[in-house]
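Have a look at start.cif below; it lists mmCIF, C-alpha atoms and all ligand atoms.
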data_target
loop_
_atom_site.group_PDB
_atom_site.id
_atom_site.type_symbol
_atom_site.label_atom_id
_atom_site.label_comp_id
_atom_site.auth_asym_id
_atom_site.auth_seq_id
_atom_site.Cartn_x
_atom_site.Cartn_y
_atom_site.Cartn_z
ATOM 1 C CA MET C 1 145.068 145.383 104.444
ATOM 2 C CA LYS C 2 141.581 146.541 103.738
ATOM 3 C CA ILE C 3 139.947 146.222 100.338
ATOM 4 C CA THR C 4 136.732 148.030 99.496
ATOM 5 C CA ILE C 5 134.841 147.209 96.306
ATOM 6 C CA VAL C 6 133.853 150.576 94.868
ATOM 7 C CA TYR C 7 132.379 149.573 91.504
ATOM 8 C CA ASP C 8 130.951 146.267 90.426
ATOM 9 C CA ASN C 9 128.147 144.654 88.431
ATOM 10 C CA CYS C 10 126.509 143.877 91.785
ATOM 11 C CA THR C 11 126.192 145.656 95.101
ATOM 12 C CA VAL C 12 126.081 144.362 98.659
ATOM 13 C CA ARG C 13 125.170 147.665 100.278
ATOM 14 C CA ALA C 14 122.076 149.832 99.896
ATOM 15 C CA GLY C 15 122.577 153.266 98.400
ATOM 16 C CA LEU C 16 125.335 152.333 95.960
ATOM 17 C CA LYS C 17 125.071 152.188 92.178
ATOM 18 C CA THR C 18 125.956 149.154 90.092
ATOM 19 C CA GLY C 19 127.473 149.086 86.641
ATOM 20 C CA TRP C 20 129.331 146.713 84.373
ATOM 21 C CA GLY C 21 132.942 147.157 85.432
ATOM 22 C CA PHE C 22 135.269 146.937 88.391
ATOM 23 C CA SER C 23 137.098 149.186 90.829
ATOM 24 C CA ALA C 24 138.501 148.530 94.287
ATOM 25 C CA LEU C 25 140.327 150.617 96.894
ATOM 26 C CA ILE C 26 143.219 148.959 98.691
ATOM 27 C CA GLU C 27 144.472 150.399 101.954
ATOM 28 C CA THR C 28 147.621 149.064 103.577
ATOM 29 C CA ASP C 29 149.862 150.171 106.438
ATOM 30 C CA ASN C 30 152.597 152.641 105.554
ATOM 31 C CA ALA C 31 151.166 153.502 102.127
ATOM 32 C CA THR C 32 148.632 155.881 100.635
ATOM 33 C CA PRO C 33 145.387 154.296 99.368
ATOM 34 C CA LEU C 34 145.622 152.562 95.987
ATOM 35 C CA LEU C 35 142.800 152.496 93.464
ATOM 36 C CA PHE C 36 142.701 149.398 91.282
ATOM 37 C CA ASP C 37 140.701 150.031 88.091
ATOM 38 C CA THR C 38 138.093 152.743 87.688
ATOM 39 C CA GLY C 39 134.868 151.124 86.431
ATOM 40 C CA ALA C 40 133.105 152.063 83.209
ATOM 41 C CA ASP C 41 131.456 155.299 84.222
ATOM 42 C CA GLY C 42 133.173 158.124 86.093
ATOM 43 C CA ALA C 43 129.988 159.594 87.556
ATOM 44 C CA THR C 44 129.029 156.235 89.081
ATOM 45 C CA LEU C 45 132.554 155.746 90.417
ATOM 46 C CA LEU C 46 132.614 159.165 92.098
ATOM 47 C CA TYR C 47 129.082 158.682 93.439
ATOM 48 C CA ASN C 48 129.993 155.379 95.084
ATOM 49 C CA MET C 49 133.219 156.824 96.471
ATOM 50 C CA LYS C 50 131.277 159.632 98.099
ATOM 51 C CA GLN C 51 128.779 157.198 99.610
ATOM 52 C CA LEU C 52 131.673 155.125 100.957
ATOM 53 C CA GLY C 53 133.520 158.129 102.393
ATOM 54 C CA ILE C 54 136.484 157.725 100.040
ATOM 55 C CA ASP C 55 138.310 160.949 99.180
ATOM 56 C CA PRO C 56 139.735 160.625 95.624
ATOM 57 C CA SER C 57 142.382 163.248 96.358
ATOM 58 C CA ARG C 58 143.968 160.969 98.995
ATOM 59 C CA ILE C 59 144.709 158.172 96.504
ATOM 60 C CA GLY C 60 148.457 157.763 96.024
ATOM 61 C CA ALA C 61 148.526 155.217 93.208
ATOM 62 C CA ILE C 62 146.119 154.157 90.497
ATOM 63 C CA VAL C 63 146.596 150.764 88.851
ATOM 64 C CA ILE C 64 144.796 149.974 85.610
ATOM 65 C CA SER C 65 144.575 146.225 85.078
ATOM 66 C CA HIS C 66 143.967 146.408 81.344
ATOM 67 C CA ALA C 67 142.777 148.812 78.680
ATOM 68 C CA HIS C 68 139.126 147.780 78.477
ATOM 69 C CA GLY C 69 136.550 150.519 78.985
ATOM 70 C CA ASP C 70 134.864 148.815 81.933
ATOM 71 C CA HIS C 71 138.141 149.274 83.866
ATOM 72 C CA THR C 72 139.350 152.625 82.527
ATOM 73 C CA GLY C 73 136.085 154.586 82.200
ATOM 74 C CA GLY C 74 136.486 156.630 85.381
ATOM 75 C CA LEU C 75 140.239 157.205 85.087
ATOM 76 C CA TYR C 76 140.143 160.776 83.818
ATOM 77 C CA ASN C 77 137.464 161.725 86.357
ATOM 78 C CA ILE C 78 139.894 160.701 89.107
ATOM 79 C CA LEU C 79 142.900 162.311 87.423
ATOM 80 C CA ASP C 80 140.948 165.578 87.163
ATOM 81 C CA ILE C 81 140.532 165.632 90.942
ATOM 82 C CA ASN C 82 143.809 164.012 91.923
ATOM 83 C CA LYS C 83 146.876 165.634 90.373
ATOM 84 C CA HIS C 84 149.573 163.622 92.148
ATOM 85 C CA ALA C 85 148.727 159.893 92.093
ATOM 86 C CA GLU C 86 151.194 157.650 90.292
ATOM 87 C CA LEU C 87 149.643 155.655 87.472
ATOM 88 C CA TYR C 88 150.500 152.018 86.723
ATOM 89 C CA VAL C 89 149.316 150.748 83.348
ATOM 90 C CA PRO C 90 149.985 147.509 81.470
ATOM 91 C CA ALA C 91 153.037 147.687 79.210
ATOM 92 C CA SER C 92 150.932 147.510 76.033
ATOM 93 C CA SER C 93 148.992 150.670 76.957
ATOM 94 C CA VAL C 94 150.446 153.920 75.742
ATOM 95 C CA VAL C 95 149.536 156.662 78.194
ATOM 96 C CA ARG C 96 151.223 160.068 78.206
ATOM 97 C CA LEU C 97 150.310 162.409 81.005
ATOM 98 C CA PRO C 98 152.754 165.316 81.254
ATOM 99 C CA GLY C 99 153.784 166.035 84.817
ATOM 100 C CA ARG C 100 152.604 162.703 86.162
ATOM 101 C CA LYS C 101 154.574 159.576 86.927
ATOM 102 C CA VAL C 102 153.304 156.776 84.663
ATOM 103 C CA ILE C 103 154.759 153.295 85.047
ATOM 104 C CA GLN C 104 154.222 150.867 82.169
ATOM 105 C CA ALA C 105 154.465 147.531 83.893
ATOM 106 C CA ASN C 106 156.122 145.096 81.522
ATOM 107 C CA ARG C 107 157.501 143.049 84.395
ATOM 108 C CA PRO C 108 156.700 142.578 88.087
ATOM 109 C CA VAL C 109 156.981 145.840 89.989
ATOM 110 C CA GLN C 110 156.767 146.803 93.656
ATOM 111 C CA ILE C 111 154.222 149.569 94.224
ATOM 112 C CA SER C 112 154.462 149.916 97.999
ATOM 113 C CA GLU C 113 155.841 147.984 100.946
ATOM 114 C CA THR C 114 153.260 145.193 100.609
ATOM 115 C CA VAL C 115 151.689 145.692 97.172
ATOM 116 C CA PHE C 116 153.162 144.284 93.961
ATOM 117 C CA SER C 117 152.019 144.171 90.358
ATOM 118 C CA THR C 118 152.521 140.951 88.422
ATOM 119 C CA GLY C 119 153.383 143.144 85.439
ATOM 120 C CA GLU C 120 151.475 142.688 82.222
ATOM 121 C CA LEU C 121 150.754 139.008 81.587
ATOM 122 C CA GLN C 122 149.966 137.482 78.194
ATOM 123 C CA GLY C 123 150.236 140.904 76.583
ATOM 124 C CA ILE C 124 147.029 142.225 78.121
ATOM 125 C CA GLU C 125 146.612 142.538 81.865
ATOM 126 C CA GLN C 126 148.341 143.088 85.197
ATOM 127 C CA SER C 127 147.054 141.912 88.573
ATOM 128 C CA LEU C 128 148.058 142.759 92.134
ATOM 129 C CA ALA C 129 149.690 140.557 94.736
ATOM 130 C CA VAL C 130 149.161 142.025 98.215
ATOM 131 C CA LYS C 131 151.153 140.671 101.144
ATOM 132 C CA THR C 132 148.946 140.178 104.207
ATOM 133 C CA THR C 133 149.446 138.411 107.511
ATOM 134 C CA LYS C 134 147.471 135.484 106.045
ATOM 135 C CA GLY C 135 149.404 135.222 102.805
ATOM 136 C CA ILE C 136 149.183 136.738 99.342
ATOM 137 C CA VAL C 137 145.841 138.164 98.273
ATOM 138 C CA VAL C 138 145.466 138.454 94.507
ATOM 139 C CA VAL C 139 143.352 141.272 93.060
ATOM 140 C CA ALA C 140 142.388 140.799 89.410
ATOM 141 C CA GLY C 141 140.415 142.891 86.928
ATOM 142 C CA CYS C 142 139.043 140.441 84.351
ATOM 143 C CA SER C 143 141.659 137.642 84.485
ATOM 144 C CA HIS C 144 142.073 137.636 80.695
ATOM 145 C CA PRO C 145 145.567 136.048 80.987
ATOM 146 C CA GLY C 146 143.942 133.094 82.809
ATOM 147 C CA VAL C 147 143.501 132.599 86.527
ATOM 148 C CA GLY C 148 146.212 129.912 86.627
ATOM 149 C CA VAL C 149 148.769 132.214 84.987
ATOM 150 C CA ILE C 150 147.897 134.997 87.439
ATOM 151 C CA LEU C 151 148.082 132.730 90.506
ATOM 152 C CA ASN C 152 151.461 131.407 89.341
ATOM 153 C CA ALA C 153 152.829 134.928 88.948
ATOM 154 C CA ALA C 154 151.466 136.023 92.334
ATOM 155 C CA SER C 155 152.919 132.987 94.089
ATOM 156 C CA ASP C 156 156.395 134.426 93.471
ATOM 157 C CA TYR C 157 155.599 136.653 96.475
ATOM 158 C CA GLY C 158 154.484 133.879 98.826
ATOM 159 C CA LYS C 159 151.693 131.386 99.382
ATOM 160 C CA VAL C 160 148.473 132.637 97.841
ATOM 161 C CA TYR C 161 145.693 132.997 100.431
ATOM 162 C CA GLY C 162 142.903 134.190 98.193
ATOM 163 C CA ILE C 163 141.696 135.898 95.048
ATOM 164 C CA ILE C 164 139.330 138.835 94.618
ATOM 165 C CA GLY C 165 138.156 140.180 91.284
ATOM 166 C CA GLY C 166 136.768 139.371 87.873
ATOM 167 C CA LEU C 167 137.422 135.791 86.777
ATOM 168 C CA HIS C 168 135.659 135.992 83.415
ATOM 169 C CA GLY C 169 134.931 132.522 81.925
ATOM 170 C CA PHE C 170 137.322 130.710 84.260
ATOM 171 C CA ARG C 171 136.155 127.156 84.969
ATOM 172 C CA ASP C 172 139.309 125.176 85.741
ATOM 173 C CA PHE C 173 137.973 125.095 89.285
ATOM 174 C CA SER C 174 140.566 122.644 90.625
ATOM 175 C CA ARG C 175 143.116 125.441 90.242
ATOM 176 C CA LEU C 176 141.510 127.128 93.269
ATOM 177 C CA TYR C 177 141.924 124.195 95.686
ATOM 178 C CA GLY C 178 144.016 125.291 98.639
ATOM 179 C CA LEU C 179 142.829 128.886 98.592
ATOM 180 C CA SER C 180 141.078 130.170 101.713
ATOM 181 C CA LEU C 181 139.260 133.104 100.126
ATOM 182 C CA ILE C 182 137.459 133.174 96.768
ATOM 183 C CA CYS C 183 135.624 136.391 95.988
ATOM 184 C CA PRO C 184 134.543 136.375 92.330
ATOM 185 C CA CYS C 185 133.415 139.775 91.075
ATOM 186 C CA HIS C 186 132.416 141.677 87.957
ATOM 187 C CA CYS C 187 132.529 139.493 84.810
ATOM 188 C CA THR C 188 132.813 136.081 86.535
ATOM 189 C CA GLN C 189 130.507 133.720 84.629
ATOM 190 C CA TYR C 190 130.517 130.727 86.968
ATOM 191 C CA LYS C 191 129.745 132.354 90.324
ATOM 192 C CA SER C 192 127.098 129.799 91.316
ATOM 193 C CA GLU C 193 129.421 126.861 90.572
ATOM 194 C CA LEU C 194 132.176 128.511 92.622
ATOM 195 C CA ARG C 195 129.781 129.086 95.502
ATOM 196 C CA ARG C 196 128.684 125.461 95.384
ATOM 197 C CA LEU C 197 132.224 124.052 95.146
ATOM 198 C CA PHE C 198 133.808 126.382 97.713
ATOM 199 C CA PRO C 199 131.071 127.256 100.220
ATOM 200 C CA GLU C 200 133.564 127.925 103.046
ATOM 201 C CA GLN C 201 135.857 130.103 100.954
ATOM 202 C CA TYR C 202 133.249 131.955 98.887
ATOM 203 C CA ILE C 203 132.461 135.601 99.565
ATOM 204 C CA ALA C 204 129.822 137.377 97.489
ATOM 205 C CA CYS C 205 131.289 140.402 95.761
ATOM 206 C CA GLY C 206 129.577 143.705 95.148
ATOM 207 C CA ALA C 207 130.050 147.430 95.515
ATOM 208 C CA GLY C 208 130.325 148.264 99.197
ATOM 209 C CA LEU C 209 132.015 145.025 100.228
ATOM 210 C CA GLU C 210 134.823 145.672 102.722
ATOM 211 C CA LEU C 211 137.290 142.947 103.594
ATOM 212 C CA LYS C 212 140.033 143.256 106.201
ATOM 213 C CA LEU C 213 142.817 140.732 105.753
HETATM 214 ZN ZN ZN Q 301 138.410 143.010 80.021
HETATM 215 ZN ZN ZN Q 302 136.006 143.734 82.702
#
Show me this structure written as structure tokens.
Amino acid sequence: MKITIVYDNCTVRAGLKTGWGFSALIETDNATPLLFDTGADGATLLYNMKQLGIDPSRIGAIVISHAHGDHTGGLYNILDINKHAELYVPASSVVRLPGRKVIQANRPVQISETVFSTGELQGIEQSLAVKTTKGIVVVAGCSHPGVGVILNAASDYGKVYGIIGGLHGFRDFSRLYGLSLICPCHCTQYKSELRRLFPEQYIACGAGLELKL
């Protein structure tokens, strides 16, 4: 699978805009591209997509991790362009879009051959578990349910290889021992501690980052 960070508080590539929020494109074999979260600002999201050569009309599924504005802000900008993508929202979000398939994930759900949602956890947020040749890669928005809760849910699909996304105020660092990839994005407060504790596993996140796993 290939994951491209489209929107983040930071950038790792010249020519892209930053903004408080998160969005990532996930491309896997035998499935249309999936957009996970949409950042805070639609214009910034579309700008970065254009710079990265991502065509919004090709997206087959949009997953919203949770109903905070820094993850949903660009949603309607994408829906305006893309009339067919399926939308996966947490069970507590009420979204009615006539003519469009909307899945309210109140339990784990398979999105494509290798991509699964944990379903809404702790009444707020869903994360992705992506099957790769190296193991399960977790993609998280803000990790409001707690990183441990998310990793437990994702491990139902296999051994967790790594985590990419916002980790918020997470500091139970021992919970990450055994992971091979730690890519803290967006709202993560303890990035420097994570980098110091996991120098081999740490990858700096930012808009423009592309990881093939
Ligand atoms: Zn949030
Ligand atoms: Zn957030």
Any chance you could work out the residue set of the PyMOL selection byres (((chain C and resi 52) around 10) and not hetatm) here, as an MDAnalysis selection string?
chainID C and resid 4:6 13 15:16 46:51 53:55 207:208
Enumerate, in order of chain and increasing residue number, the residues of chain C with an atom no farther than 9 Å from ligand ZN 301 (chain Q), each with its shortest atom pair and distance in Å to one decimal, counting all atoms listed in the file, as JSON lines.
{"residue": "C:Gly21", "atom": "CA", "partner": "Q:ZN301", "partner_atom": "ZN", "distance": 8.7}
{"residue": "C:Ser65", "atom": "CA", "partner": "Q:ZN301", "partner_atom": "ZN", "distance": 8.6}
{"residue": "C:His66", "atom": "CA", "partner": "Q:ZN301", "partner_atom": "ZN", "distance": 6.6}
{"residue": "C:Ala67", "atom": "CA", "partner": "Q:ZN301", "partner_atom": "ZN", "distance": 7.4}
{"residue": "C:His68", "atom": "CA", "partner": "Q:ZN301", "partner_atom": "ZN", "distance": 5.1}
{"residue": "C:Gly69", "atom": "CA", "partner": "Q:ZN301", "partner_atom": "ZN", "distance": 7.8}
{"residue": "C:Asp70", "atom": "CA", "partner": "Q:ZN301", "partner_atom": "ZN", "distance": 7.1}
{"residue": "C:His71", "atom": "CA", "partner": "Q:ZN301", "partner_atom": "ZN", "distance": 7.4}
{"residue": "C:Ile124", "atom": "CA", "partner": "Q:ZN301", "partner_atom": "ZN", "distance": 8.9}
{"residue": "C:Glu125", "atom": "CA", "partner": "Q:ZN301", "partner_atom": "ZN", "distance": 8.4}
{"residue": "C:Gly141", "atom": "CA", "partner": "Q:ZN301", "partner_atom": "ZN", "distance": 7.2}
{"residue": "C:Cys142", "atom": "CA", "partner": "Q:ZN301", "partner_atom": "ZN", "distance": 5.1}
{"residue": "C:Ser143", "atom": "CA", "partner": "Q:ZN301", "partner_atom": "ZN", "distance": 7.7}
{"residue": "C:His144", "atom": "CA", "partner": "Q:ZN301", "partner_atom": "ZN", "distance": 6.5}
{"residue": "C:Gly166", "atom": "CA", "partner": "Q:ZN301", "partner_atom": "ZN", "distance": 8.8}
{"residue": "C:His168", "atom": "CA", "partner": "Q:ZN301", "partner_atom": "ZN", "distance": 8.3}
{"residue": "C:Cys187", "atom": "CA", "partner": "Q:ZN301", "partner_atom": "ZN", "distance": 8.4}
Which residues fall under the PyMOL selection byres (((chain C and resi 117) around 9) and not hetatm) in this file, as a ChimeraX atom specification?
/C:63,88,105,107-111,115-116,118-120,126-130,154
Which is closer to ligand ZN 302 (chain Q) than all the others in C:Thr132, C:Val94, C:Ala140, C:Val147, using only C-alpha atoms and all ligand atoms?
C:Ala140
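Between ligand ZN 302 (chain Q) and the residues C:Gln104, C:Asn77, C:Thr18, C:Asn9, the shortest atom-to-atom distance, using only C-alpha atoms and all ligand atoms, involves C:Asn9.
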Any idea what the distance is between CA of Thr28 (chain C) and CA of Leu151 (chain C)?
20.9 Å
For Asn30 (chain C), list every protein, DNA or RNA residue within 9 Å, evaluated using all atoms listed in the file, and leave out those in the same chain fewer than 6 positions away; present the list as a list in words.
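After dropping sequence-adjacent residues, the list is Ser112, Glu113 and Thr114 of chain C.
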Atom completion result for region 116-139 of chain C (N, CA and C atoms) as a PDB file, keeping the file's coordinate frame:
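Output (rebuild23.pdb):
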ATOM      1  N   PHE C 116     152.361 144.552  95.151  1.00  0.00           N
ATOM      2  CA  PHE C 116     153.162 144.284  93.961  1.00  0.00           C
ATOM      3  C   PHE C 116     152.229 144.106  92.768  1.00  0.00           C
ATOM      4  N   SER C 117     152.716 144.514  91.592  1.00  0.00           N
ATOM      5  CA  SER C 117     152.019 144.171  90.358  1.00  0.00           C
ATOM      6  C   SER C 117     152.720 142.969  89.737  1.00  0.00           C
ATOM      7  N   THR C 118     151.926 142.085  89.144  1.00  0.00           N
ATOM      8  CA  THR C 118     152.521 140.951  88.422  1.00  0.00           C
ATOM      9  C   THR C 118     153.223 141.425  87.163  1.00  0.00           C
ATOM     10  N   GLY C 119     152.986 142.702  86.769  1.00  0.00           N
ATOM     11  CA  GLY C 119     153.383 143.144  85.439  1.00  0.00           C
ATOM     12  C   GLY C 119     152.398 142.589  84.428  1.00  0.00           C
ATOM     13  N   GLU C 120     152.423 143.150  83.242  1.00  0.00           N
ATOM     14  CA  GLU C 120     151.475 142.688  82.222  1.00  0.00           C
ATOM     15  C   GLU C 120     151.730 141.215  81.893  1.00  0.00           C
ATOM     16  N   LEU C 121     150.662 140.438  81.918  1.00  0.00           N
ATOM     17  CA  LEU C 121     150.754 139.008  81.587  1.00  0.00           C
ATOM     18  C   LEU C 121     150.026 138.756  80.275  1.00  0.00           C
ATOM     19  N   GLN C 122     150.578 137.892  79.470  1.00  0.00           N
ATOM     20  CA  GLN C 122     149.966 137.482  78.194  1.00  0.00           C
ATOM     21  C   GLN C 122     149.649 138.685  77.301  1.00  0.00           C
ATOM     22  N   GLY C 123     150.406 139.746  77.457  1.00  0.00           N
ATOM     23  CA  GLY C 123     150.236 140.904  76.583  1.00  0.00           C
ATOM     24  C   GLY C 123     148.965 141.691  76.799  1.00  0.00           C
ATOM     25  N   ILE C 124     148.287 141.492  77.949  1.00  0.00           N
ATOM     26  CA  ILE C 124     147.029 142.225  78.121  1.00  0.00           C
ATOM     27  C   ILE C 124     146.815 142.825  79.496  1.00  0.00           C
ATOM     28  N   GLU C 125     147.181 142.133  80.569  1.00  0.00           N
ATOM     29  CA  GLU C 125     146.612 142.538  81.865  1.00  0.00           C
ATOM     30  C   GLU C 125     147.590 142.329  83.009  1.00  0.00           C
ATOM     31  N   GLN C 126     147.580 143.267  83.956  1.00  0.00           N
ATOM     32  CA  GLN C 126     148.341 143.088  85.197  1.00  0.00           C
ATOM     33  C   GLN C 126     147.375 142.880  86.361  1.00  0.00           C
ATOM     34  N   SER C 127     147.826 142.134  87.349  1.00  0.00           N
ATOM     35  CA  SER C 127     147.054 141.912  88.573  1.00  0.00           C
ATOM     36  C   SER C 127     147.921 142.321  89.756  1.00  0.00           C
ATOM     37  N   LEU C 128     147.304 142.411  90.937  1.00  0.00           N
ATOM     38  CA  LEU C 128     148.058 142.759  92.134  1.00  0.00           C
ATOM     39  C   LEU C 128     148.278 141.537  93.006  1.00  0.00           C
ATOM     40  N   ALA C 129     149.418 141.516  93.668  1.00  0.00           N
ATOM     41  CA  ALA C 129     149.690 140.557  94.736  1.00  0.00           C
ATOM     42  C   ALA C 129     149.936 141.384  95.993  1.00  0.00           C
ATOM     43  N   VAL C 130     149.057 141.227  96.990  1.00  0.00           N
ATOM     44  CA  VAL C 130     149.161 142.025  98.215  1.00  0.00           C
ATOM     45  C   VAL C 130     149.577 141.103  99.356  1.00  0.00           C
ATOM     46  N   LYS C 131     150.681 141.467 100.007  1.00  0.00           N
ATOM     47  CA  LYS C 131     151.153 140.671 101.144  1.00  0.00           C
ATOM     48  C   LYS C 131     150.308 141.001 102.362  1.00  0.00           C
ATOM     49  N   THR C 132     149.704 139.987 102.974  1.00  0.00           N
ATOM     50  CA  THR C 132     148.946 140.178 104.207  1.00  0.00           C
ATOM     51  C   THR C 132     149.479 139.196 105.246  1.00  0.00           C
ATOM     52  N   THR C 133     148.991 139.331 106.470  1.00  0.00           N
ATOM     53  CA  THR C 133     149.446 138.411 107.511  1.00  0.00           C
ATOM     54  C   THR C 133     149.003 136.980 107.213  1.00  0.00           C
ATOM     55  N   LYS C 134     147.974 136.825 106.365  1.00  0.00           N
ATOM     56  CA  LYS C 134     147.471 135.484 106.045  1.00  0.00           C
ATOM     57  C   LYS C 134     148.109 134.879 104.804  1.00  0.00           C
ATOM     58  N   GLY C 135     148.801 135.682 104.050  1.00  0.00           N
ATOM     59  CA  GLY C 135     149.404 135.222 102.805  1.00  0.00           C
ATOM     60  C   GLY C 135     149.126 136.246 101.711  1.00  0.00           C
ATOM     61  N   ILE C 136     149.355 135.827 100.478  1.00  0.00           N
ATOM     62  CA  ILE C 136     149.183 136.738  99.342  1.00  0.00           C
ATOM     63  C   ILE C 136     147.714 136.776  98.928  1.00  0.00           C
ATOM     64  N   VAL C 137     147.189 137.976  98.818  1.00  0.00           N
ATOM     65  CA  VAL C 137     145.841 138.164  98.273  1.00  0.00           C
ATOM     66  C   VAL C 137     145.989 138.742  96.867  1.00  0.00           C
ATOM     67  N   VAL C 138     145.395 138.035  95.907  1.00  0.00           N
ATOM     68  CA  VAL C 138     145.466 138.454  94.507  1.00  0.00           C
ATOM     69  C   VAL C 138     144.238 139.307  94.194  1.00  0.00           C
ATOM     70  N   VAL C 139     144.459 140.430  93.526  1.00  0.00           N
ATOM     71  CA  VAL C 139     143.352 141.272  93.060  1.00  0.00           C
ATOM     72  C   VAL C 139     143.452 141.337  91.538  1.00  0.00           C
TER      73      VAL C 139
END
